[in-house]
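Read the structure below first, then the notes.
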Amino acid sequence: MTEIPSILPLAAVLVSAVAVVPILAFRDRPNVRESWTVLAALAKFGLVASMVPAALAGDVYVTDLGTLVPYVEFTLRADSLGLLFALLASTLWVVTSFYSIGYMRGLDEDHQARYFASFAASVSAAVGVAFASNLVVLYLFYELLTVATYPLVAHDGTDEARAAGRKYLAYTFGGGVAVLAGTLLVYQLTGTVMFTAGGIAELASADPTLARAAFALLITGFGVKAALMPLHSWLPDAMVAPTPVSGLLHAVAVVKSGVFGVARVLLDVFGIDLVAELGVGGVLAAVAAFTLVVASVIALRQDNLKRRLAFSTVSQLSYIVLGLAVGASAAGGDAAKWALIGGLLHIPAHAFMKLTLFFCAGAIHVETHTDDISNMAGIGRRMPLTMGAFAVAAAGMAGIPLVAGFVSKYFLLIGTVSSGDLAFTAALLVSGVLNIAYFWPVVYTAFFETAEGADEKPLVSGILGGRFAREARADGGHADDHGAFERRAANGAESTWLMLGPILFAAAGAVVLGVVPDAAVFLQIVRDVAETATAMGVVA
């Protein structure tokens with residue numbers, strides 16, 4: 001591996017942070033303000049994408065900013081694992097930027113400048129998490145991510161939003177304290193906190209009890225944002241935030257920073273050999289298996305669509321953690337290889353699918369003001385493309401072939417079977433069935449039920465022109481005397497293309513990852529990470 005001194009990692013982190021200034025400066029000129037948002041998103045994506053070929057070739061771009069604290073360098077490194085997270089966040093920020101414009105204008109939301117500025121700062125912190133070269137730098141950006149996302153969680157300003165924001169801060173700052181404590185203990189045991197392929201060598205000769213304590217602190221801290229039970233309850237409450245926030249920050253940036261932290265600890269702090277020797281991987285895998293099954297059961301009971309999606313996220317994040325934990329516990333060989341590939345590949349797979357689902361929920365809210373599944377009978381008539389995309393993403397979440405979730409879960413199943421951890425295989429299969437059980441009713445209600453006798457469901461339409469104009473239908477907001485959703489042709493008339501376009505893009509991304517995974521750069525990066533972690537080739 002060759003380290004290449006470069007400003008690229010720093011530029012990728014800072015570009016969206018710099019954009020915060022013009023976004024706030026043009027708060028009263030929405031077209032200019034949102035142009036800065038889109039330009040920053042495109043620039044960040046371009047910077048991150050430019051570093052991928054070098055990483056796949058074995059080179060790493062490094063920005064050295066000197067000493068942060070004594071004996072700890074402030075260095076940003078764009079290695080394969082970091083680029084997996086950074087490329088995902090930067091790609092989906094572009095999509096979410098367009099969606100956010102449609103969503104925020106469609107609802108004529110207040111404080112839009114603060115919203116877009118906080119979004120830019122959040123993605124900057126997320127890429128900082130991705131490119132952190134050691135635990136201290138990771139901790140710094142991990143906490144900055146919490147600070148930047150708080151205004152988004154509490155955006156609505158209601159009592160419920162403020163309460164959710166306070167709970168979010170309490171949980172995530174508490175997790176940050178655990179990360180800091182674990183970082184200090186690792187430094188005390190080894191004299192370093194630098195991420196090292198295969199793990200920090202000095203940990204292998206440290207006191208096993210203290211090493212396990214450091215592992216527990218770090219995993220607990222990152223497990224908060226990874227929503228491992230019982231540290232998960234902040235996530236469903238945070239769904240009070242605007243839907244684009246729920247989509248990107250709670251399906252990509254925030255929660256993925258948690259599982260990314262878990263991956264760094266397992267692969268680059270302890271290493272899979274030491275994790276297996278200490279016996280801590282099996283415990284983590286058991287917690288993940290418990291979480292993915294129980295969260296799926298709880299999702300069945302949620303009528304509010306976003307809360308059902310939130311508990312689905314809690315479950316799906318644990319698929320990632322389970323794959324990482326099983327891979328680490330296997331300590332090499334085919335079982336470790338397949339489990340790691342499955343867990344890491346589920347990071348982008350879940351992101352594309354869950355972003356599609358949240359985008360669909362947001363479009364439904366903007367266009368019909370409907371949030372509860374029980375009130376969505378026949379909504380597929382009103383929003384055929386939206387609900388069609390929802391059905392595709394839901395199928396992928398359940399592991400149906402031809403969508404991204406099938407590929408990642410296939411690798412996970414092969415990994416757990418190969419390792420002999422059949423209890424974890426059973427947990428994956430049970431959760432898959434539960435996924436069908438809580439997603440199918442939404443699809444069935446949308447396309448195969450009618451709304452005769454149901455409450456009126458207002459329709460909202462609008463056109464882009466500074467703000468969206470809301471026009472109520474003369475018949476009171478529905479198409480016939482039965483209160484049914486009005487039938488719309490599948491030609492985009494159901495919503496603005498600022499929202500519909502991102503929905504279809506995210507759904508298409510989920511299909512591409514499911515149909516031609518080997519052609520997707522995410523799988524190439526994942527294979528590279530797995531090869532490094534297991535020190536053996538990955539069979540194509």
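Letters A, B, ... go to the chains of the structure tokens in the order shown; residues in each chain start at 1; ligands are counted from 1 in the same order.
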
### Message
For Gly501 in chain A, find every residue with an atom within 10 Å (counting only C-alpha atoms), except residues of its own chain fewer than 3 positions away, and show them as number ranges by chain.
### Response
A: 95, 98-99, 386, 492, 495-498, 504-507

Hey, can you spit out that residue selection with N, CA and C atoms as a PDB file, in the first residue's frame?
```
ATOM      1  N   VAL A  95     -28.610  13.131  -4.384  1.00  0.00           N
ATOM      2  CA  VAL A  95     -30.006  12.757  -4.612  1.00  0.00           C
ATOM      3  C   VAL A  95     -30.920  13.439  -3.605  1.00  0.00           C
ATOM      4  N   PHE A  98     -31.806  17.321  -4.129  1.00  0.00           N
ATOM      5  CA  PHE A  98     -32.928  17.607  -5.018  1.00  0.00           C
ATOM      6  C   PHE A  98     -34.257  17.270  -4.339  1.00  0.00           C
ATOM      7  N   TYR A  99     -34.280  16.109  -3.678  1.00  0.00           N
ATOM      8  CA  TYR A  99     -35.509  15.710  -2.996  1.00  0.00           C
ATOM      9  C   TYR A  99     -35.883  16.715  -1.915  1.00  0.00           C
ATOM     10  N   THR A 386     -44.559   6.081  -7.313  1.00  0.00           N
ATOM     11  CA  THR A 386     -44.051   6.134  -5.946  1.00  0.00           C
ATOM     12  C   THR A 386     -44.241   4.808  -5.233  1.00  0.00           C
ATOM     13  N   GLY A 492     -45.605  10.564 -13.958  1.00  0.00           N
ATOM     14  CA  GLY A 492     -44.996  11.611 -13.146  1.00  0.00           C
ATOM     15  C   GLY A 492     -45.960  12.659 -12.665  1.00  0.00           C
ATOM     16  N   SER A 495     -46.582  13.682  -8.573  1.00  0.00           N
ATOM     17  CA  SER A 495     -45.773  14.521  -7.687  1.00  0.00           C
ATOM     18  C   SER A 495     -44.834  15.352  -8.545  1.00  0.00           C
ATOM     19  N   THR A 496     -44.128  16.287  -7.910  1.00  0.00           N
ATOM     20  CA  THR A 496     -43.088  17.024  -8.622  1.00  0.00           C
ATOM     21  C   THR A 496     -41.910  16.110  -8.905  1.00  0.00           C
ATOM     22  N   TRP A 497     -41.217  16.339 -10.019  1.00  0.00           N
ATOM     23  CA  TRP A 497     -40.071  15.507 -10.368  1.00  0.00           C
ATOM     24  C   TRP A 497     -38.901  15.751  -9.444  1.00  0.00           C
ATOM     25  N   LEU A 498     -38.911  16.840  -8.682  1.00  0.00           N
ATOM     26  CA  LEU A 498     -37.856  17.043  -7.695  1.00  0.00           C
ATOM     27  C   LEU A 498     -37.905  15.977  -6.607  1.00  0.00           C
ATOM     28  N   LEU A 504     -37.054   7.415  -7.914  1.00  0.00           N
ATOM     29  CA  LEU A 504     -36.770   6.440  -8.958  1.00  0.00           C
ATOM     30  C   LEU A 504     -35.279   6.160  -9.072  1.00  0.00           C
ATOM     31  N   PHE A 505     -34.439   7.182  -8.843  1.00  0.00           N
ATOM     32  CA  PHE A 505     -32.987   6.976  -8.883  1.00  0.00           C
ATOM     33  C   PHE A 505     -32.555   6.016  -7.784  1.00  0.00           C
ATOM     34  N   ALA A 506     -33.031   6.252  -6.560  1.00  0.00           N
ATOM     35  CA  ALA A 506     -32.643   5.388  -5.444  1.00  0.00           C
ATOM     36  C   ALA A 506     -33.136   3.962  -5.662  1.00  0.00           C
ATOM     37  N   ALA A 507     -34.365   3.816  -6.171  1.00  0.00           N
ATOM     38  CA  ALA A 507     -34.893   2.478  -6.445  1.00  0.00           C
ATOM     39  C   ALA A 507     -34.084   1.792  -7.532  1.00  0.00           C
TER      40      ALA A 507
END
```

Taking the DSSP secondary structure from the backbone, can you list the residues of range 5-52 of chain A that are alpha helix (DSSP H), as a tab-separated table (two decimals) with all heavy atoms, in the first residue's frame?
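This went into result30.tsv:
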```tsv
chain	number	residue	atom	x	y	z
A	8	LEU	N	-6.87	16.08	-1.28
A	8	LEU	CA	-8.20	15.58	-1.65
A	8	LEU	C	-9.05	15.15	-0.46
A	8	LEU	O	-10.23	15.51	-0.39
A	8	LEU	CB	-8.06	14.43	-2.66
A	8	LEU	CG	-7.72	14.83	-4.10
A	8	LEU	CD1	-7.50	13.59	-4.96
A	8	LEU	CD2	-8.83	15.69	-4.70
A	9	PRO	N	-8.53	14.35	0.50
A	9	PRO	CA	-9.39	13.98	1.63
A	9	PRO	C	-9.90	15.19	2.41
A	9	PRO	O	-11.08	15.24	2.79
A	9	PRO	CB	-8.47	13.10	2.48
A	9	PRO	CG	-7.48	12.54	1.53
A	9	PRO	CD	-7.23	13.64	0.55
A	10	LEU	N	-9.03	16.17	2.65
A	10	LEU	CA	-9.46	17.37	3.37
A	10	LEU	C	-10.47	18.16	2.57
A	10	LEU	O	-11.48	18.64	3.11
A	10	LEU	CB	-8.25	18.24	3.69
A	10	LEU	CG	-8.54	19.56	4.43
A	10	LEU	CD1	-9.15	19.28	5.79
A	10	LEU	CD2	-7.27	20.39	4.55
A	11	ALA	N	-10.24	18.29	1.25
A	11	ALA	CA	-11.18	19.02	0.41
A	11	ALA	C	-12.55	18.35	0.41
A	11	ALA	O	-13.59	19.03	0.44
A	11	ALA	CB	-10.63	19.11	-1.02
A	12	ALA	N	-12.57	17.01	0.38
A	12	ALA	CA	-13.83	16.29	0.39
A	12	ALA	C	-14.61	16.52	1.68
A	12	ALA	O	-15.84	16.61	1.68
A	12	ALA	CB	-13.59	14.79	0.19
A	13	VAL	N	-13.88	16.65	2.79
A	13	VAL	CA	-14.53	16.93	4.07
A	13	VAL	C	-15.06	18.36	4.11
A	13	VAL	O	-16.19	18.61	4.52
A	13	VAL	CB	-13.55	16.70	5.24
A	13	VAL	CG1	-14.17	17.19	6.56
A	13	VAL	CG2	-13.19	15.22	5.35
A	14	LEU	N	-14.25	19.31	3.64
A	14	LEU	CA	-14.56	20.73	3.86
A	14	LEU	C	-15.53	21.34	2.86
A	14	LEU	O	-16.15	22.36	3.16
A	14	LEU	CB	-13.27	21.54	3.84
A	14	LEU	CG	-12.31	21.35	5.02
A	14	LEU	CD1	-11.11	22.27	4.87
A	14	LEU	CD2	-13.02	21.63	6.34
A	15	VAL	N	-15.67	20.75	1.68
A	15	VAL	CA	-16.44	21.44	0.64
A	15	VAL	C	-17.87	21.75	1.06
A	15	VAL	O	-18.38	22.85	0.81
A	15	VAL	CB	-16.41	20.63	-0.68
A	15	VAL	CG1	-17.10	19.28	-0.53
A	15	VAL	CG2	-17.05	21.43	-1.81
A	16	SER	N	-18.52	20.84	1.73
A	16	SER	CA	-19.89	21.11	2.16
A	16	SER	C	-19.92	22.00	3.39
A	16	SER	O	-20.88	22.77	3.59
A	16	SER	CB	-20.63	19.80	2.45
A	16	SER	OG	-19.89	18.97	3.32
A	17	ALA	N	-18.86	21.93	4.23
A	17	ALA	CA	-18.81	22.84	5.38
A	17	ALA	C	-18.65	24.28	4.92
A	17	ALA	O	-19.28	25.20	5.47
A	17	ALA	CB	-17.64	22.45	6.30
A	18	VAL	N	-17.83	24.49	3.89
A	18	VAL	CA	-17.66	25.84	3.34
A	18	VAL	C	-18.98	26.34	2.75
A	18	VAL	O	-19.30	27.53	2.84
A	18	VAL	CB	-16.54	25.83	2.27
A	18	VAL	CG1	-16.50	27.16	1.53
A	18	VAL	CG2	-15.19	25.54	2.93
A	19	ALA	N	-19.75	25.44	2.16
A	19	ALA	CA	-21.02	25.84	1.54
A	19	ALA	C	-22.05	26.34	2.55
A	19	ALA	O	-23.01	27.01	2.16
A	19	ALA	CB	-21.60	24.65	0.76
A	20	VAL	N	-21.84	26.04	3.83
A	20	VAL	CA	-22.77	26.53	4.86
A	20	VAL	C	-22.86	28.05	4.83
A	20	VAL	O	-23.93	28.64	5.00
A	20	VAL	CB	-22.33	26.04	6.26
A	20	VAL	CG1	-23.13	26.74	7.35
A	20	VAL	CG2	-22.49	24.53	6.36
A	21	VAL	N	-21.73	28.72	4.57
A	21	VAL	CA	-21.70	30.19	4.59
A	21	VAL	C	-22.60	30.79	3.52
A	21	VAL	O	-23.50	31.60	3.83
A	21	VAL	CB	-20.25	30.71	4.46
A	21	VAL	CG1	-20.24	32.24	4.38
A	21	VAL	CG2	-19.42	30.23	5.64
A	22	PRO	N	-22.45	30.45	2.21
A	22	PRO	CA	-23.36	31.03	1.22
A	22	PRO	C	-24.80	30.56	1.37
A	22	PRO	O	-25.73	31.30	1.03
A	22	PRO	CB	-22.77	30.58	-0.12
A	22	PRO	CG	-21.90	29.42	0.20
A	22	PRO	CD	-21.37	29.66	1.57
A	23	ILE	N	-25.00	29.34	1.88
A	23	ILE	CA	-26.37	28.87	2.09
A	23	ILE	C	-27.09	29.79	3.08
A	23	ILE	O	-28.24	30.19	2.87
A	23	ILE	CB	-26.38	27.42	2.59
A	23	ILE	CG1	-25.98	26.46	1.46
A	23	ILE	CG2	-27.76	27.03	3.13
A	23	ILE	CD1	-25.77	25.03	1.90
A	24	LEU	N	-26.41	30.15	4.17
A	24	LEU	CA	-27.01	31.06	5.16
A	24	LEU	C	-27.05	32.49	4.64
A	24	LEU	O	-27.99	33.24	4.91
A	24	LEU	CB	-26.22	30.99	6.46
A	24	LEU	CG	-26.30	29.67	7.23
A	24	LEU	CD1	-25.40	29.71	8.46
A	24	LEU	CD2	-27.75	29.39	7.66
A	25	ALA	N	-26.02	32.89	3.87
A	25	ALA	CA	-25.98	34.27	3.36
A	25	ALA	C	-27.13	34.54	2.40
A	25	ALA	O	-27.65	35.67	2.35
A	25	ALA	CB	-24.64	34.53	2.68
A	30	PRO	N	-34.10	31.71	-2.19
A	30	PRO	CA	-34.09	30.24	-2.17
A	30	PRO	C	-33.44	29.60	-3.39
A	30	PRO	O	-32.77	28.57	-3.26
A	30	PRO	CB	-35.57	29.87	-2.05
A	30	PRO	CG	-36.32	31.10	-2.38
A	30	PRO	CD	-35.46	32.25	-2.05
A	31	ASN	N	-33.63	30.16	-4.57
A	31	ASN	CA	-33.03	29.54	-5.75
A	31	ASN	C	-31.51	29.57	-5.69
A	31	ASN	O	-30.83	28.59	-6.04
A	31	ASN	CB	-33.50	30.25	-7.02
A	31	ASN	CG	-34.97	29.98	-7.31
A	31	ASN	OD1	-35.52	28.97	-6.86
A	31	ASN	ND2	-35.61	30.87	-8.04
A	32	VAL	N	-30.94	30.70	-5.23
A	32	VAL	CA	-29.48	30.80	-5.09
A	32	VAL	C	-29.00	29.89	-3.95
A	32	VAL	O	-28.00	29.17	-4.08
A	32	VAL	CB	-29.07	32.26	-4.83
A	32	VAL	CG1	-27.55	32.35	-4.61
A	32	VAL	CG2	-29.50	33.15	-5.97
A	33	ARG	N	-29.71	29.92	-2.84
A	33	ARG	CA	-29.35	29.10	-1.68
A	33	ARG	C	-29.31	27.62	-2.04
A	33	ARG	O	-28.36	26.89	-1.72
A	33	ARG	CB	-30.39	29.33	-0.58
A	33	ARG	CG	-30.22	28.49	0.67
A	33	ARG	CD	-31.45	28.62	1.55
A	33	ARG	NE	-32.61	27.99	0.93
A	33	ARG	CZ	-33.87	28.39	1.13
A	33	ARG	NH1	-34.13	29.43	1.91
A	33	ARG	NH2	-34.87	27.76	0.53
A	34	GLU	N	-30.31	27.16	-2.76
A	34	GLU	CA	-30.37	25.75	-3.11
A	34	GLU	C	-29.39	25.39	-4.21
A	34	GLU	O	-28.95	24.24	-4.31
A	34	GLU	CB	-31.81	25.39	-3.46
A	34	GLU	CG	-32.68	25.38	-2.20
A	34	GLU	CD	-34.14	25.68	-2.48
A	34	GLU	OE1	-34.53	25.70	-3.66
A	34	GLU	OE2	-34.87	25.92	-1.51
A	35	SER	N	-29.03	26.37	-5.04
A	35	SER	CA	-27.98	26.14	-6.04
A	35	SER	C	-26.65	25.84	-5.36
A	35	SER	O	-25.89	24.96	-5.79
A	35	SER	CB	-27.84	27.35	-6.96
A	35	SER	OG	-29.01	27.54	-7.73
A	36	TRP	N	-26.36	26.57	-4.27
A	36	TRP	CA	-25.15	26.30	-3.50
A	36	TRP	C	-25.19	24.89	-2.90
A	36	TRP	O	-24.17	24.19	-2.85
A	36	TRP	CB	-24.96	27.34	-2.40
A	36	TRP	CG	-24.32	28.59	-2.89
A	36	TRP	CD1	-24.91	29.80	-3.11
A	36	TRP	CD2	-22.93	28.76	-3.22
A	36	TRP	NE1	-23.99	30.71	-3.57
A	36	TRP	CE2	-22.76	30.10	-3.64
A	36	TRP	CE3	-21.82	27.92	-3.20
A	36	TRP	CZ2	-21.53	30.61	-4.04
A	36	TRP	CZ3	-20.59	28.41	-3.60
A	36	TRP	CH2	-20.46	29.75	-4.01
A	37	THR	N	-26.35	24.47	-2.45
A	37	THR	CA	-26.50	23.12	-1.89
A	37	THR	C	-26.16	22.07	-2.94
A	37	THR	O	-25.39	21.13	-2.69
A	37	THR	CB	-27.94	22.91	-1.38
A	37	THR	OG1	-28.19	23.81	-0.30
A	37	THR	CG2	-28.15	21.48	-0.91
A	38	VAL	N	-26.73	22.22	-4.12
A	38	VAL	CA	-26.51	21.24	-5.19
A	38	VAL	C	-25.06	21.26	-5.66
A	38	VAL	O	-24.44	20.21	-5.87
A	38	VAL	CB	-27.48	21.51	-6.35
A	38	VAL	CG1	-27.14	20.61	-7.54
A	38	VAL	CG2	-28.93	21.28	-5.92
A	39	LEU	N	-24.49	22.46	-5.82
A	39	LEU	CA	-23.10	22.56	-6.25
A	39	LEU	C	-22.15	21.90	-5.25
A	39	LEU	O	-21.21	21.18	-5.63
A	39	LEU	CB	-22.71	24.03	-6.44
A	39	LEU	CG	-23.28	24.72	-7.69
A	39	LEU	CD1	-22.98	26.22	-7.64
A	39	LEU	CD2	-22.71	24.09	-8.95
A	40	ALA	N	-22.39	22.14	-3.96
A	40	ALA	CA	-21.55	21.53	-2.94
A	40	ALA	C	-21.68	20.01	-2.95
A	40	ALA	O	-20.69	19.28	-2.80
A	40	ALA	CB	-21.91	22.08	-1.56
A	41	ALA	N	-22.91	19.53	-3.15
A	41	ALA	CA	-23.13	18.08	-3.19
A	41	ALA	C	-22.40	17.45	-4.38
A	41	ALA	O	-21.76	16.40	-4.24
A	41	ALA	CB	-24.63	17.79	-3.27
A	42	LEU	N	-22.50	18.09	-5.54
A	42	LEU	CA	-21.82	17.56	-6.72
A	42	LEU	C	-20.30	17.60	-6.56
A	42	LEU	O	-19.59	16.66	-6.97
A	42	LEU	CB	-22.25	18.35	-7.96
A	42	LEU	CG	-23.71	18.16	-8.40
A	42	LEU	CD1	-24.06	19.16	-9.50
A	42	LEU	CD2	-23.96	16.73	-8.87
A	43	ALA	N	-19.79	18.70	-5.99
A	43	ALA	CA	-18.35	18.82	-5.78
A	43	ALA	C	-17.86	17.75	-4.81
A	43	ALA	O	-16.80	17.13	-5.03
A	43	ALA	CB	-18.02	20.21	-5.26
A	44	LYS	N	-18.59	17.52	-3.73
A	44	LYS	CA	-18.18	16.50	-2.75
A	44	LYS	C	-18.18	15.12	-3.40
A	44	LYS	O	-17.22	14.33	-3.22
A	44	LYS	CB	-19.11	16.52	-1.54
A	44	LYS	CG	-18.71	15.52	-0.46
A	44	LYS	CD	-19.62	15.60	0.74
A	44	LYS	CE	-19.34	16.82	1.58
A	44	LYS	NZ	-18.06	16.70	2.33
A	45	PHE	N	-19.22	14.83	-4.16
A	45	PHE	CA	-19.26	13.52	-4.84
A	45	PHE	C	-18.08	13.37	-5.79
A	45	PHE	O	-17.43	12.31	-5.83
A	45	PHE	CB	-20.57	13.38	-5.61
A	45	PHE	CG	-20.58	12.20	-6.54
A	45	PHE	CD1	-20.71	10.91	-6.06
A	45	PHE	CD2	-20.43	12.37	-7.92
A	45	PHE	CE1	-20.69	9.82	-6.92
A	45	PHE	CE2	-20.41	11.29	-8.78
A	45	PHE	CZ	-20.55	10.02	-8.28
A	46	GLY	N	-17.78	14.42	-6.56
A	46	GLY	CA	-16.66	14.34	-7.49
A	46	GLY	C	-15.33	14.12	-6.80
A	46	GLY	O	-14.50	13.32	-7.26
A	47	LEU	N	-15.12	14.81	-5.69
A	47	LEU	CA	-13.86	14.67	-4.96
A	47	LEU	C	-13.71	13.26	-4.40
A	47	LEU	O	-12.64	12.64	-4.48
A	47	LEU	CB	-13.80	15.70	-3.83
A	47	LEU	CG	-13.58	17.15	-4.26
A	47	LEU	CD1	-13.88	18.10	-3.10
A	47	LEU	CD2	-12.15	17.35	-4.75
A	48	VAL	N	-14.79	12.74	-3.81
A	48	VAL	CA	-14.73	11.39	-3.23
A	48	VAL	C	-14.54	10.35	-4.33
A	48	VAL	O	-13.69	9.45	-4.23
A	48	VAL	CB	-16.00	11.10	-2.41
A	48	VAL	CG1	-16.03	9.64	-1.97
A	48	VAL	CG2	-16.07	12.01	-1.19
A	49	ALA	N	-15.32	10.47	-5.41
A	49	ALA	CA	-15.24	9.49	-6.49
A	49	ALA	C	-13.86	9.48	-7.14
A	49	ALA	O	-13.38	8.42	-7.58
A	49	ALA	CB	-16.31	9.79	-7.54
A	50	SER	N	-13.18	10.62	-7.17
A	50	SER	CA	-11.86	10.68	-7.81
A	50	SER	C	-10.82	9.86	-7.06
A	50	SER	O	-9.78	9.51	-7.63
A	50	SER	CB	-11.40	12.14	-7.90
A	50	SER	OG	-11.08	12.67	-6.62
A	52	VAL	N	-11.46	6.86	-5.59
A	52	VAL	CA	-11.79	5.43	-5.59
A	52	VAL	C	-10.81	4.60	-6.43
A	52	VAL	O	-10.34	3.54	-5.97
A	52	VAL	CB	-13.25	5.22	-6.05
A	52	VAL	CG1	-13.54	3.73	-6.24
A	52	VAL	CG2	-14.21	5.82	-5.04
```

### Message
From the options A:Gly362, A:Val265, A:Asn375, A:Leu278, which residue's atoms come nearest to Leu324 in chain A, counting only C-alpha atoms?
### Response
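For Leu324 in chain A, the nearest of the candidates is A:Val265.
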
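Computed from the coordinates, the CA of Asp237 in chain A to CA of Leu180 in chain A distance equals 25.5 Å.
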
### range 392-401 of chain A environment, 9 Å, only C-alpha atoms, sequence neighbours closer than 5 positions dropped, as a ChimeraX atom specification
/A:312,316,349-350,352-357,387,406-410,431-436,439-440,443,506-507,510-511,514-515

### Query
Near Lys337 in chain A, within 10 Å and counting only C-alpha atoms, which residues show up once chain neighbours fewer than 2 positions away are dropped, as a PyMOL selection string?
chain A and resi 323-324+326-328+330-335+339-342+411-412+414-415+418+527+529-531+533-539

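Between CA of Ser318 in chain A and CA of Gly343 in chain A lies a distance of 9.0 Å.
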